[in-house]
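Here the structure is laid out as structure tokens; the discussion comes afterwards.
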Amino acid sequence: MTRARPQRPISKRPCTDAFPPIENHGIIGDLHTVALVAMDGAVDFMCFPSFDSPTIFASLLDPERGGLFRIDPLHTPGRRSQFYLPDSNILLTRFYFDEGVVELSDLMPVEEQDHAHQLIRRIKMIHGAAEFRMVCAPRFDYGRADHKVLRHGENEILFVSEGEHKVTLRLRSSIPMRVRNGTATAEFRLTTDEHASFILEDAELDTPTGRVDDHEVSEAFKRTLNFWRGWVGRSTYRGRWREMVTRSALTLKLLTYRPTGAVVAAPTFGLPEEVGGTRNWDYRYTWIRDATFTIYAFLRLGYTEEAAAFMHWIEERCAAQEWDGSLQVVYGISGQKELQEVDLKHWRGYRGSAPVRIGNDAYSQIQFDLYGALMDAVYLYNKYGTPISYDLWHHLTRLLDWVCENWRQTGQGIWEIRGHTQEWLSSRLMCWVALDRGIRLAQKRSFPAPTHRWVQGRDAIFSEIMTTFWDAERATFTQYKGSRSLDASCLLMPLVKFIGPTDPRWLSTMKAVEQHLVEDSLVYRYDGLARKTDGLAGVEGTFSLCSFWYVECLSRAGDLHKARLIFEKMLGYANHLGLYAEELGRSNNHLGNFPQAFTHLALISAAYDLDRRLEGSNQ
């Protein structure tokens with residue numbers, strides 16, 4: 001038995017840059033967690049065994065202390081490529097030499113029960129011959145915990161963590177491995193049609209032990225491929241851009257925590273919105289704000305089971321609402337309420353972007369937009385899914401009464417401003433949505449409700465938006481009461497049916513948005529007047545989410561040629577696998593946590609609406 005300390009540096013990557021671009025990754029997962037796989041064959045980010053668990057690999061945030069699992073050729077290949085097997089989340093990475101081709105397959109089986117959370121990696125020499133290395137260097141509890149290494153013969157190694165979050169990992173292989181400084185390594189040679197396989201798994205379960213055999217890997221590959229292709233086969237989407245819509249759907253499914261139905265905003269933390277800056281957040285949680293778009297996307301694609309599972313998660317949050325009827329902005333994937341932020345000061349951060357944070361203090365903020373998002377989700381699910389229960393309605397009436405009492409308050413808003421609060425347009429808008437959908441739902445289902453009071457509240461909000469949030473001189477809706485700045489969240493106004501997409505006030509607002517927020521197909525959150533309103537230092541890139549909102553606004557206004565052009569140009573900003581981080585930098589580099597669910601949800605919504613309208617117009 002040997003002991004390893006987390007601060008011991010691990011061997012460096014073969015590439016000169018220890019921090020590969022965020023976009024140079026694919027993800028695989030098992031509906032509990034995901035692994036990010038870089039184009040150089042390194043798993044450089046993975047929480048285990050769940051999305052919100054501590055990391056076991058995080059060299060993407062600290063190459064020395066984060067941990068990684070790398071399989072690659074000893075000699076640098078001429079070029080690399082990475083792609084998914086069609087209609088699946090099985091990832092293939094290829095290395096090309098003058099006289100040979102190598103293929104690395106990565107997958108995580110999706111199991112119903114007795115989940116071992118296996119990460120299966122197989123490297124195969126398609127033709128030619130080459131030498132390879134494997135380095136498995138887990139670092140536990142965000143690199144803060146020591147671990148022990150136990151050997152069970154040449155083909156099996158146990159990594160046993162110490163400290164508060166105890167985890168035991170088993171690494172099995174088809175070839176002999178060595179242990180050095182708490183790290184498993186192997187160097188081997190492959191010739192045409194030869195391969196080597198490795199399985200990293202949860203050792204707490206009674207899983208098979210000993211040498212990996214071909215049959216085990218082959219069967220896992222078949223089961224995993226059949227699962228994903230069977231899931232894609234349930235999609236009812238037959239429109240344009242099916243490949244990108246399917247990839248977005250597969251990504252959303254990967255970001256779903258199967259035990260509760262929750263969808264994480266992103267599976268990562270600490271990836272910066274500005275390289276070298278402090279805008280580094282933890283997105284491994286579930287925001288109520290995302291509810292509408294999640295339910296809508298799943299229902300539009302025919303995934304009623306996924307919509308029902310997420311709706312169940314929402315219903316549980318409503319049942320556990322605060323004494324006054326209010327809800328939090330964000331919850332843990334199992335409904336946890338406290339998500340206190342902690343700085344990981346021992347980590348460098350991605351390309352020096354510090355501090356690296358875990359937890360998210362947004363859980364304690366006041367954000368009124370979440371109520372509209374939740375009520376719209378409930379309304380859509382009742383309409384296109386399954387009629388909601390009376391018990392849920394009872395909880396919703398308390399929530400809507402709270403909105404009636406509190407909609408005039410200030411808050412942090414949809415973008416989670418740190419510091420000062422304001423009366424945001426987006427907050428007013430979504431409070432209007434909450435009451436409007438509540439009134440519609442009560443009428444549709446004949447539920448008992450104080451609808452007269454709700455109607456008064458809804459109409460008062462509408463009038464205030466049209467007066468105090470309207471800049472008559474600039475002919476545009478403003479970011480918050482008393483400001484003259486623009487905010488891309490106004491693009492939600494026609495999407496939630498507050499205003500008609502061809503209303504003169506909206507068309508002039510769109511003109512202002514295009515003048516101040518849009519660069520070609522890319523959309524910023526704020527204009528120059530508002531860039532400093534978020535209470536944070538530094539700058540940010542364009543928000544891909546807002547670009548897809550922009551597309552849908554154009555589509556709903558009937559400007560289909562322009563909407564299609566912008567949409568298809570935005571598809572070109574995805575990474576090589578069709579994935580998006582939160583933002584895009586000045587050189588098309590992806591910024592922020594990756595991949596981001598909200599962006600893929602907005603892509604699906606824009607694609608669905610635009611395709612439907614193009615079909616109707618025969619264009």
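Residues in the structure tokens are named by chain (A, B, ... in the order shown) and by number from 1 within that chain; ligands are numbered from 1 in the order shown.
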
(request) Could you give me, as an NGL selection string, each residue of region 258-462 of chain A that DSSP assigns to strand (DSSP E or B) when run on this structure's backbone? (result) :A and (262-263 or 269 or 282 or 286-287 or 330-331 or 342-343 or 357-358 or 411 or 422 or 424)

(message) Please list as a PyMOL selection string every residue within 9 Å of region 132-140 of chain A, counting only C-alpha atoms and excluding residues in the same chain fewer than 6 positions away.
(response) chain A and resi 5-7+10-11+54-58+65-75+146-147+159+161-163+165-167+169+171+177+182-190

(message) Taking 5 positions as the minimum chain separation for residues in the same chain, which residues sit within 7 Å of region 405-415 of chain A when counting only C-alpha atoms? Answer as a ChimeraX atom specification.
(response) /A:365-369,421-424,426-428,431

Put those residues in a file: C-alpha atoms, as a compact mmCIF listing (two decimals), in the first residue's frame.
```txt
# COMPACT_ATOMS: atom_id res chain seq x y z
CA GLN A 365 -30.63 36.36 -3.82
CA ILE A 366 -34.04 37.79 -4.64
CA GLN A 367 -34.93 37.21 -8.28
CA PHE A 368 -38.49 37.75 -9.41
CA ASP A 369 -38.05 36.31 -12.89
CA THR A 421 -30.58 45.77 -6.39
CA GLN A 422 -32.88 47.39 -8.94
CA GLU A 423 -36.40 47.27 -10.30
CA TRP A 424 -35.48 45.29 -13.42
CA SER A 426 -37.03 41.32 -16.67
CA SER A 427 -38.32 40.99 -13.10
CA ARG A 428 -41.48 42.97 -13.84
CA CYS A 431 -44.03 38.67 -12.57
```

Excluding region 214-231 of chain A and any residue of its chain fewer than 5 positions from it, enumerate the residues within 9 Å of it, using only C-alpha atoms, and give them as a PDB file with N, CA and C atoms, in the first residue's frame.
```
ATOM      1  N   LEU A  85     -20.206   9.047 -32.101  1.00  0.00           N
ATOM      2  CA  LEU A  85     -20.954   8.144 -32.950  1.00  0.00           C
ATOM      3  C   LEU A  85     -22.347   8.734 -33.133  1.00  0.00           C
ATOM      4  N   PRO A  86     -22.869   8.785 -34.355  1.00  0.00           N
ATOM      5  CA  PRO A  86     -24.145   9.458 -34.592  1.00  0.00           C
ATOM      6  C   PRO A  86     -25.239   8.990 -33.632  1.00  0.00           C
ATOM      7  N   ASP A  87     -26.064   9.942 -33.193  1.00  0.00           N
ATOM      8  CA  ASP A  87     -27.202   9.680 -32.312  1.00  0.00           C
ATOM      9  C   ASP A  87     -26.796   8.989 -31.021  1.00  0.00           C
ATOM     10  N   SER A  88     -25.642   9.377 -30.491  1.00  0.00           N
ATOM     11  CA  SER A  88     -25.181   8.776 -29.238  1.00  0.00           C
ATOM     12  C   SER A  88     -24.306   9.757 -28.483  1.00  0.00           C
ATOM     13  N   ASN A  89     -23.968   9.365 -27.262  1.00  0.00           N
ATOM     14  CA  ASN A  89     -22.978  10.097 -26.476  1.00  0.00           C
ATOM     15  C   ASN A  89     -21.733   9.257 -26.248  1.00  0.00           C
ATOM     16  N   ILE A  90     -21.390   8.446 -27.222  1.00  0.00           N
ATOM     17  CA  ILE A  90     -20.115   7.725 -27.230  1.00  0.00           C
ATOM     18  C   ILE A  90     -19.133   8.557 -28.048  1.00  0.00           C
ATOM     19  N   LEU A 107     -16.752   6.166 -23.116  1.00  0.00           N
ATOM     20  CA  LEU A 107     -18.178   6.050 -22.838  1.00  0.00           C
ATOM     21  C   LEU A 107     -18.406   5.809 -21.360  1.00  0.00           C
ATOM     22  N   MET A 108     -19.634   6.103 -20.929  1.00  0.00           N
ATOM     23  CA  MET A 108     -20.085   5.791 -19.574  1.00  0.00           C
ATOM     24  C   MET A 108     -21.423   5.081 -19.685  1.00  0.00           C
ATOM     25  N   PRO A 109     -21.489   3.793 -19.328  1.00  0.00           N
ATOM     26  CA  PRO A 109     -22.752   3.057 -19.436  1.00  0.00           C
ATOM     27  C   PRO A 109     -23.838   3.670 -18.573  1.00  0.00           C
ATOM     28  N   VAL A 110     -25.067   3.630 -19.081  1.00  0.00           N
ATOM     29  CA  VAL A 110     -26.238   4.111 -18.351  1.00  0.00           C
ATOM     30  C   VAL A 110     -26.967   2.892 -17.813  1.00  0.00           C
ATOM     31  N   GLU A 111     -26.968   2.738 -16.502  1.00  0.00           N
ATOM     32  CA  GLU A 111     -27.553   1.556 -15.872  1.00  0.00           C
ATOM     33  C   GLU A 111     -28.765   1.953 -15.042  1.00  0.00           C
ATOM     34  N   ILE A 120     -15.348   3.975 -19.194  1.00  0.00           N
ATOM     35  CA  ILE A 120     -14.684   2.945 -19.995  1.00  0.00           C
ATOM     36  C   ILE A 120     -13.917   3.615 -21.123  1.00  0.00           C
ATOM     37  N   ARG A 121     -12.624   3.269 -21.235  1.00  0.00           N
ATOM     38  CA  ARG A 121     -11.753   3.851 -22.249  1.00  0.00           C
ATOM     39  C   ARG A 121     -11.033   2.709 -22.979  1.00  0.00           C
ATOM     40  N   ARG A 122     -11.119   2.728 -24.307  1.00  0.00           N
ATOM     41  CA  ARG A 122     -10.419   1.727 -25.117  1.00  0.00           C
ATOM     42  C   ARG A 122      -9.666   2.423 -26.233  1.00  0.00           C
ATOM     43  N   SER A 174      -6.674  -4.074 -19.290  1.00  0.00           N
ATOM     44  CA  SER A 174      -6.363  -5.304 -20.029  1.00  0.00           C
ATOM     45  C   SER A 174      -4.860  -5.528 -20.136  1.00  0.00           C
ATOM     46  N   SER A 197      -7.695  -1.707 -22.997  1.00  0.00           N
ATOM     47  CA  SER A 197      -8.913  -1.171 -22.387  1.00  0.00           C
ATOM     48  C   SER A 197      -8.691  -0.886 -20.911  1.00  0.00           C
ATOM     49  N   PHE A 198      -9.411   0.154 -20.421  1.00  0.00           N
ATOM     50  CA  PHE A 198      -9.315   0.568 -19.026  1.00  0.00           C
ATOM     51  C   PHE A 198     -10.714   0.900 -18.526  1.00  0.00           C
ATOM     52  N   ILE A 199     -11.029   0.469 -17.315  1.00  0.00           N
ATOM     53  CA  ILE A 199     -12.323   0.766 -16.695  1.00  0.00           C
ATOM     54  C   ILE A 199     -12.072   1.370 -15.323  1.00  0.00           C
ATOM     55  N   LEU A 250     -29.353  15.566 -26.812  1.00  0.00           N
ATOM     56  CA  LEU A 250     -28.469  14.599 -26.158  1.00  0.00           C
ATOM     57  C   LEU A 250     -27.664  15.264 -25.043  1.00  0.00           C
ATOM     58  N   TYR A 303     -40.218  14.364 -25.668  1.00  0.00           N
ATOM     59  CA  TYR A 303     -39.667  13.689 -24.490  1.00  0.00           C
ATOM     60  C   TYR A 303     -40.526  13.999 -23.264  1.00  0.00           C
TER      61      TYR A 303
END
```

(message) One decimal, in Å: what's the spacing between CA of Leu392 (chain A) and CA of Trp313 (chain A)?
(response) 11.7 Å

(message) Can you tell me which residues surround region 562-566 of chain A at a distance of at most 6 Å, considering only C-alpha atoms, apart from same-chain residues fewer than 4 positions away, and format the answer as a PyMOL selection string?
(response) chain A and resi 521+551+554-555

Please produce a file of those selected residues containing N, CA, C and O atoms, as a short mmCIF file (atom, residue, chain, number, x, y, z; two decimals), in the first residue's frame.
```cif
data_model
loop_
_atom_site.label_atom_id
_atom_site.label_comp_id
_atom_site.auth_asym_id
_atom_site.auth_seq_id
_atom_site.Cartn_x
_atom_site.Cartn_y
_atom_site.Cartn_z
N SER A 521 -24.18 38.06 -35.77
CA SER A 521 -25.14 37.15 -35.14
C SER A 521 -24.93 37.04 -33.64
O SER A 521 -25.63 36.30 -32.96
N VAL A 551 -32.85 35.25 -32.56
CA VAL A 551 -33.35 34.50 -33.73
C VAL A 551 -34.84 34.26 -33.61
O VAL A 551 -35.61 34.47 -34.57
N LEU A 554 -36.90 37.36 -34.28
CA LEU A 554 -36.99 37.62 -35.72
C LEU A 554 -37.98 36.68 -36.39
O LEU A 554 -38.77 37.10 -37.24
N SER A 555 -37.92 35.42 -35.99
CA SER A 555 -38.81 34.43 -36.57
C SER A 555 -40.27 34.77 -36.28
O SER A 555 -41.12 34.74 -37.18
#
```

(message) Need to verify the contact set: Phe498 (chain A), 12 Å, only C-alpha atoms, exclusion of same-chain residues closer than 2 positions in sequence. Can you return it as a ChimeraX atom specification?
(response) /A:372,426,428-437,458-459,461-463,465-466,490-496,500-503,505-506

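If only C-alpha atoms are the atoms counted, then among A:Asp98, A:Glu273, A:Glu305, A:Glu568 the closest residue to Arg258 (chain A) is A:Glu305.
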
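In this model, the gap between CA of Arg80 (chain A) and CA of His576 (chain A) comes to 11.7 Å.
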
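Shortest atom-to-atom contact with Arg398 (chain A) among A:Tyr350, A:Tyr331, A:Gly100, A:Cys318: A:Cys318, counting only C-alpha atoms.
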
(message) Restricting the calculation to only C-alpha atoms: of A:Ile333, A:Met39, A:Ser508, A:His395, which residue gets closest to Glu23 (chain A)?
(response) A:Met39

(request) Please run DSSP on the backbone and report, as number ranges by chain, all residues within region 348-563 of chain A that come out as alpha helix (DSSP H). (result) A: 369-384, 390-406, 425-445, 451-468, 492-495, 504-516, 544-556, 560-563

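Note that the spacing between CA of Lys383 (chain A) and CA of Thr599 (chain A) amounts to 24.4 Å.
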